[in-house]
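What's in my_file17.cif: mmCIF, C-alpha atoms
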data_run
loop_
_atom_site.label_atom_id
_atom_site.label_comp_id
_atom_site.auth_asym_id
_atom_site.auth_seq_id
_atom_site.Cartn_x
_atom_site.Cartn_y
_atom_site.Cartn_z
CA MET A 5 7.20 -14.67 15.20
CA LYS A 6 4.90 -14.11 18.15
CA LEU A 7 1.32 -12.89 17.65
CA PHE A 8 -1.03 -11.24 20.14
CA PHE A 9 -4.64 -11.34 18.93
CA MET A 10 -7.06 -8.83 20.47
CA ILE A 11 -10.50 -9.98 19.36
CA ASP A 12 -13.43 -7.55 19.23
CA MET A 13 -11.78 -4.75 21.19
CA GLN A 14 -14.05 -2.28 19.39
CA ASN A 15 -16.06 0.72 20.49
CA ASP A 16 -19.43 -1.01 20.03
CA PHE A 17 -18.42 -3.65 22.62
CA PHE A 18 -17.11 -1.07 25.09
CA THR A 19 -19.40 1.94 24.83
CA GLY A 20 -21.71 1.29 21.87
CA ASN A 21 -24.69 -0.86 20.95
CA LEU A 22 -23.32 -3.96 22.72
CA GLN A 23 -21.75 -2.08 25.60
CA ASN A 24 -20.25 -4.24 28.30
CA GLU A 25 -19.18 -2.67 31.58
CA SER A 26 -16.77 -5.57 32.17
CA ALA A 27 -14.94 -4.64 28.96
CA VAL A 28 -14.70 -1.00 30.05
CA ASN A 29 -13.29 -2.06 33.43
CA LEU A 30 -10.79 -4.36 31.71
CA LEU A 31 -9.28 -1.64 29.52
CA PRO A 32 -6.50 -0.30 31.83
CA LYS A 33 -5.16 -3.81 32.48
CA LEU A 34 -5.44 -4.68 28.80
CA VAL A 35 -3.45 -1.60 27.76
CA GLU A 36 -0.66 -2.44 30.22
CA THR A 37 -0.55 -6.07 29.07
CA VAL A 38 -0.47 -5.15 25.39
CA LYS A 39 2.41 -2.73 26.07
CA LYS A 40 4.33 -5.54 27.79
CA TYR A 41 3.77 -8.04 24.98
CA LYS A 42 4.69 -5.48 22.30
CA LYS A 43 7.90 -4.69 24.18
CA ASN A 44 8.62 -8.43 24.21
CA GLY A 45 8.42 -8.64 20.42
CA TYR A 46 4.82 -9.68 19.81
CA VAL A 47 3.02 -8.45 16.71
CA ILE A 48 -0.26 -6.93 17.94
CA CYS A 49 -3.22 -7.93 15.78
CA ALA A 50 -6.64 -6.33 16.27
CA ILE A 51 -9.33 -8.62 14.91
CA ARG A 52 -12.39 -6.50 14.15
CA ASP A 53 -15.93 -7.81 13.99
CA THR A 54 -17.10 -6.41 10.65
CA HIS A 55 -20.63 -6.08 9.30
CA ASP A 56 -22.36 -4.33 6.44
CA GLU A 57 -25.90 -3.61 5.24
CA SER A 58 -26.55 -7.33 4.74
CA TYR A 59 -26.13 -8.06 8.48
CA PHE A 60 -29.80 -8.73 9.28
CA GLY A 61 -29.91 -11.35 6.51
CA THR A 62 -27.06 -13.33 8.05
CA ASP A 63 -27.42 -16.10 10.60
CA GLU A 64 -25.74 -13.91 13.21
CA GLY A 65 -28.03 -10.99 12.36
CA LYS A 66 -31.09 -13.18 12.84
CA SER A 67 -29.79 -14.45 16.19
CA LEU A 68 -28.46 -11.09 17.40
CA PRO A 69 -30.62 -8.41 15.73
CA ILE A 70 -28.60 -5.48 17.06
CA ILE A 71 -26.67 -3.31 14.64
CA HIS A 72 -23.01 -3.26 15.64
CA CYS A 73 -19.54 -2.96 14.19
CA MET A 74 -20.73 -1.66 10.83
CA GLU A 75 -17.63 -1.25 8.71
CA ASP A 76 -16.14 2.25 8.63
CA THR A 77 -18.22 3.53 11.55
CA ALA A 78 -16.99 4.74 14.94
CA GLY A 79 -18.41 1.60 16.61
CA TRP A 80 -16.32 -0.61 14.31
CA GLU A 81 -13.04 1.05 15.28
CA VAL A 82 -10.73 -0.39 17.94
CA VAL A 83 -10.97 1.60 21.17
CA ASP A 84 -8.70 4.64 21.18
CA GLU A 85 -6.58 3.42 24.09
CA LEU A 86 -5.42 0.35 22.12
CA GLN A 87 -4.97 1.84 18.64
CA PRO A 88 -1.38 3.09 19.19
CA PHE A 89 -0.19 -0.47 19.79
CA VAL A 90 -1.86 -2.23 16.85
CA ASP A 91 0.46 -3.50 14.13
CA ILE A 92 -2.20 -5.22 12.03
CA TYR A 93 -5.95 -4.73 11.67
CA CYS A 94 -7.84 -7.82 10.56
CA ASN A 95 -11.51 -7.66 9.61
CA LYS A 96 -13.76 -10.67 10.06
CA LYS A 97 -17.31 -11.13 8.91
CA GLY A 98 -19.41 -13.08 11.38
CA LEU A 99 -17.97 -14.99 14.29
CA ALA A 100 -14.74 -16.08 12.60
CA TYR A 101 -12.92 -16.20 9.31
CA ASN A 102 -14.14 -18.69 6.75
CA SER A 103 -10.56 -19.82 6.95
CA TRP A 104 -7.50 -18.34 8.55
CA ARG A 105 -6.12 -18.65 5.03
CA ASP A 106 -8.34 -15.60 4.26
CA PHE A 107 -6.54 -13.55 6.89
CA GLU A 108 -4.73 -10.67 5.18
CA PRO A 109 -2.00 -9.26 7.42
CA PHE A 110 1.28 -8.06 6.07
CA GLY A 111 -0.32 -7.24 2.69
CA MET A 112 -0.53 -10.94 1.80
CA LEU A 113 -3.43 -12.49 -0.06
CA SER A 114 -3.62 -15.28 2.48
CA PHE A 115 -2.34 -16.18 5.91
CA ASP A 116 -0.63 -19.24 4.48
CA ILE A 117 1.66 -20.61 7.14
CA ASP A 118 4.38 -21.43 4.61
CA ILE A 119 4.41 -17.85 3.28
CA VAL A 120 4.43 -16.39 6.78
CA ASN A 121 7.26 -18.69 7.84
CA LYS A 122 9.30 -17.76 4.75
CA GLU A 123 8.64 -14.01 4.90
CA LEU A 124 8.51 -13.37 8.63
CA GLY A 125 9.78 -16.45 10.41
CA SER A 126 7.88 -19.29 12.01
CA ILE A 127 5.00 -18.52 14.31
CA THR A 128 6.27 -19.61 17.68
CA ASP A 129 3.60 -18.26 19.99
CA VAL A 130 0.03 -16.98 19.79
CA VAL A 131 -1.81 -15.21 22.59
CA MET A 132 -5.52 -14.33 22.45
CA CYS A 133 -7.93 -12.22 24.46
CA SER A 134 -11.43 -10.94 23.72
CA SER A 135 -14.35 -8.82 24.77
CA ARG A 136 -16.63 -11.68 23.59
CA THR A 137 -15.25 -14.89 25.10
CA ALA A 138 -18.26 -17.16 24.61
CA SER A 139 -18.71 -16.36 20.93
CA SER A 140 -15.89 -14.64 19.08
CA LEU A 141 -12.96 -15.99 21.09
CA VAL A 142 -14.18 -19.58 20.95
CA ALA A 143 -14.90 -19.32 17.21
CA ASN A 144 -11.57 -17.66 16.39
CA TYR A 145 -9.59 -20.11 18.50
CA ALA A 146 -11.30 -23.10 16.85
CA SER A 147 -10.83 -21.64 13.40
CA PHE A 148 -7.16 -20.83 13.99
CA LYS A 149 -6.39 -24.25 15.49
CA ALA A 150 -8.17 -26.03 12.61
CA SER A 151 -5.80 -24.31 10.19
CA TYR A 152 -2.68 -24.45 12.40
CA PRO A 153 -3.05 -27.34 14.84
CA GLU A 154 0.60 -27.34 15.94
CA VAL A 155 0.85 -23.65 16.80
CA ALA A 156 0.52 -23.16 20.56
CA VAL A 157 -2.21 -20.71 21.61
CA THR A 158 -2.54 -19.21 25.07
CA ILE A 159 -5.76 -17.58 26.24
CA LEU A 160 -5.20 -14.79 28.75
CA LYS A 161 -8.27 -15.38 30.92
CA ASP A 162 -7.82 -12.18 32.91
CA LEU A 163 -8.20 -10.27 29.63
CA CYS A 164 -11.37 -12.04 28.55
CA VAL A 165 -14.88 -10.84 29.27
CA CYS A 166 -18.36 -11.48 27.97
CA ASP A 167 -21.92 -10.28 28.48
CA SER A 168 -22.00 -11.99 31.86
CA ASP A 169 -19.59 -13.76 34.17
CA GLU A 170 -21.46 -17.00 33.45
CA SER A 171 -21.00 -16.61 29.68
CA ASN A 172 -17.34 -15.78 30.14
CA GLU A 173 -16.78 -18.88 32.30
CA ALA A 174 -18.71 -21.03 29.83
CA GLY A 175 -16.49 -19.80 27.00
CA LEU A 176 -13.33 -20.47 28.99
CA THR A 177 -14.61 -23.95 29.85
CA VAL A 178 -15.18 -24.70 26.16
CA LEU A 179 -11.70 -23.40 25.31
CA GLU A 180 -10.16 -25.56 28.02
CA ALA A 181 -12.03 -28.60 26.65
CA MET A 182 -10.51 -27.76 23.24
CA HIS A 183 -7.06 -27.93 24.88
CA ALA A 184 -6.35 -24.21 24.88
CA ALA A 185 -3.72 -23.14 27.36
CA ILE A 186 -5.68 -20.94 29.77
CA LYS A 187 -3.48 -18.60 31.81
#
Would you mind writing the structure in this file as structure tokens?
Amino acid sequence: MKLFFMIDMQNDFFTGNLQNESAVNLLPKLVETVKKYKKNGYVICAIRDTHDESYFGTDEGKSLPIIHCMEDTAGWEVVDELQPFVDIYCNKKGLAYNSWRDFEPFGMLSFDIDIVNKELGSITDVVMCSSRTASSLVANYASFKASYPEVAVTILKDLCVCDSDESNEAGLTVLEAMHAAIK
């Protein structure tokens, strides 16, 4: 099984409270790339930043006191252009899952690699991109690799943006230092 993770491709990061013009400009290329990967058999997973009324009491809320991606709001939804391609929506609280074992695609209670391999076939390839390279992408990559160290992960650098070019490059540098395949 091949997985394509789109991290934080939500309205609040494109046109909402944490709007990023680089993300908006990236969208046409992202749509074309997602179409290509889906055609090549990848399962498209949209990982959604997810917050609730307790956000300002969290560490992230104290560091980034801007309401965003409140569950079940328009800002929380994946941008319209990408929704037709999404096979699985995955909600995360904070920067990453507590464990990728808490990931609930396919109606499973956990993203246990043994269950996935038995039910769907071995994960052979993972691709990631994000509208928040320096925070969400780094955190999700580290979290995923901690749970599944032998699964190859490729970061599509041309589909990664952040608040600034400097932050994006810093995130990619960290990912490269963590041995991510940057393409």
Practice prompt. Excluding A:Val178 and any residue of its chain fewer than 4 positions from it, enumerate the residues within 8 Å of it, using all atoms listed in the file, and give them as number ranges by chain.
Written response: A: 142, 174, 182
With a distance cut-off of 10 Å and all atoms listed in the file, select the neighbouring residues of stretch 69-84 of chain A, excluding the residue or stretch itself and same-chain residues fewer than 3 positions from it, and output the selection as a PDB file with C-alpha atoms, in the frame of the given file.
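Saved file result.pdb follows:
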ATOM      1  CA  MET A  10      -7.060  -8.830  20.470  1.00  0.00           C
ATOM      2  CA  ILE A  11     -10.500  -9.980  19.360  1.00  0.00           C
ATOM      3  CA  ASP A  12     -13.430  -7.550  19.230  1.00  0.00           C
ATOM      4  CA  MET A  13     -11.780  -4.750  21.190  1.00  0.00           C
ATOM      5  CA  GLN A  14     -14.050  -2.280  19.390  1.00  0.00           C
ATOM      6  CA  ASN A  15     -16.060   0.720  20.490  1.00  0.00           C
ATOM      7  CA  ASP A  16     -19.430  -1.010  20.030  1.00  0.00           C
ATOM      8  CA  PHE A  17     -18.420  -3.650  22.620  1.00  0.00           C
ATOM      9  CA  PHE A  18     -17.110  -1.070  25.090  1.00  0.00           C
ATOM     10  CA  THR A  19     -19.400   1.940  24.830  1.00  0.00           C
ATOM     11  CA  GLY A  20     -21.710   1.290  21.870  1.00  0.00           C
ATOM     12  CA  ASN A  21     -24.690  -0.860  20.950  1.00  0.00           C
ATOM     13  CA  LEU A  22     -23.320  -3.960  22.720  1.00  0.00           C
ATOM     14  CA  VAL A  28     -14.700  -1.000  30.050  1.00  0.00           C
ATOM     15  CA  LEU A  31      -9.280  -1.640  29.520  1.00  0.00           C
ATOM     16  CA  ALA A  50      -6.640  -6.330  16.270  1.00  0.00           C
ATOM     17  CA  ILE A  51      -9.330  -8.620  14.910  1.00  0.00           C
ATOM     18  CA  ARG A  52     -12.390  -6.500  14.150  1.00  0.00           C
ATOM     19  CA  ASP A  53     -15.930  -7.810  13.990  1.00  0.00           C
ATOM     20  CA  THR A  54     -17.100  -6.410  10.650  1.00  0.00           C
ATOM     21  CA  HIS A  55     -20.630  -6.080   9.300  1.00  0.00           C
ATOM     22  CA  ASP A  56     -22.360  -4.330   6.440  1.00  0.00           C
ATOM     23  CA  GLU A  57     -25.900  -3.610   5.240  1.00  0.00           C
ATOM     24  CA  TYR A  59     -26.130  -8.060   8.480  1.00  0.00           C
ATOM     25  CA  PHE A  60     -29.800  -8.730   9.280  1.00  0.00           C
ATOM     26  CA  GLY A  61     -29.910 -11.350   6.510  1.00  0.00           C
ATOM     27  CA  THR A  62     -27.060 -13.330   8.050  1.00  0.00           C
ATOM     28  CA  ASP A  63     -27.420 -16.100  10.600  1.00  0.00           C
ATOM     29  CA  GLU A  64     -25.740 -13.910  13.210  1.00  0.00           C
ATOM     30  CA  GLY A  65     -28.030 -10.990  12.360  1.00  0.00           C
ATOM     31  CA  LYS A  66     -31.090 -13.180  12.840  1.00  0.00           C
ATOM     32  CA  GLN A  87      -4.970   1.840  18.640  1.00  0.00           C
ATOM     33  CA  PRO A  88      -1.380   3.090  19.190  1.00  0.00           C
ATOM     34  CA  VAL A  90      -1.860  -2.230  16.850  1.00  0.00           C
ATOM     35  CA  TYR A  93      -5.950  -4.730  11.670  1.00  0.00           C
ATOM     36  CA  ASN A  95     -11.510  -7.660   9.610  1.00  0.00           C
ATOM     37  CA  LYS A  97     -17.310 -11.130   8.910  1.00  0.00           C
TER      38      LYS A  97
END
Response to the item:
What separates atom CA of A:Ser171 and atom CA of A:Thr37 is a distance of 23.0 Å
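One distance worth recording is that between atom CA of A:Phe89 and atom CA of A:Val155, which is 23.4 Å.
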Worksheet item: Between A:Leu34, A:Val157, A:Leu86, A:Leu179, which is the closest to A:Leu7 once you count all atoms listed in the file?
Response: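 Closest candidate: A:Val157.
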Worksheet entry | Nearest to A:Leu163, chosen from A:Met5, A:Cys133, A:Cys49, A:Ala185, with all atoms listed in the file counted in the distances | A:Cys133
Discussion item. Would you compute the distance between atom CA of A:Phe8 and atom CA of A:Tyr152? Give it in Å to one decimal.
Written reply: 15.4 Å
Worksheet item: Skipping near chain neighbours, those fewer than 2 positions away, what residues fall within 8 Å of A:Asp167 using all atoms listed in the file, listed as a ChimeraX atom specification?
Response: /A:24,26,136,165,169,171-172
Got a sec to check which residues sit within 9 Å of (8.5, -22.7, 16.7), counting only C-alpha atoms, and write them as an mmCIF file with C-alpha atoms, keeping the file's coordinate frame?
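result-v8.cif, freshly written:
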data_model
loop_
_atom_site.group_PDB
_atom_site.id
_atom_site.type_symbol
_atom_site.label_atom_id
_atom_site.label_comp_id
_atom_site.auth_asym_id
_atom_site.auth_seq_id
_atom_site.Cartn_x
_atom_site.Cartn_y
_atom_site.Cartn_z
ATOM 1 C CA MET A 5 7.200 -14.670 15.200
ATOM 2 C CA GLY A 125 9.780 -16.450 10.410
ATOM 3 C CA SER A 126 7.880 -19.290 12.010
ATOM 4 C CA ILE A 127 5.000 -18.520 14.310
ATOM 5 C CA THR A 128 6.270 -19.610 17.680
ATOM 6 C CA ASP A 129 3.600 -18.260 19.990
ATOM 7 C CA VAL A 155 0.850 -23.650 16.800
ATOM 8 C CA ALA A 156 0.520 -23.160 20.560
#
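Among the candidates A:Ala181, A:Lys187, A:Leu68, A:Pro153, the residue lying nearest to A:Ser139 is A:Leu68 (atoms considered: all atoms listed in the file).
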Worksheet item: Please, which residues are within 6 Å of (-3.0, -16.5, 21.8) by the file's coordinates, counting only C-alpha atoms, and could they come as a list in words?
Response: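 Result, sorted by chain then residue number: Phe8, Val130, Val131, Met132, Val157, Thr158 and Ile159 of chain A.
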Selected residues written out, C-alpha atoms, as a CSV table (one decimal), in the frame of the given file:
chain,number,residue,atom,x,y,z
A,8,PHE,CA,-1.0,-11.2,20.1
A,130,VAL,CA,0.0,-17.0,19.8
A,131,VAL,CA,-1.8,-15.2,22.6
A,132,MET,CA,-5.5,-14.3,22.4
A,157,VAL,CA,-2.2,-20.7,21.6
A,158,THR,CA,-2.5,-19.2,25.1
A,159,ILE,CA,-5.8,-17.6,26.2
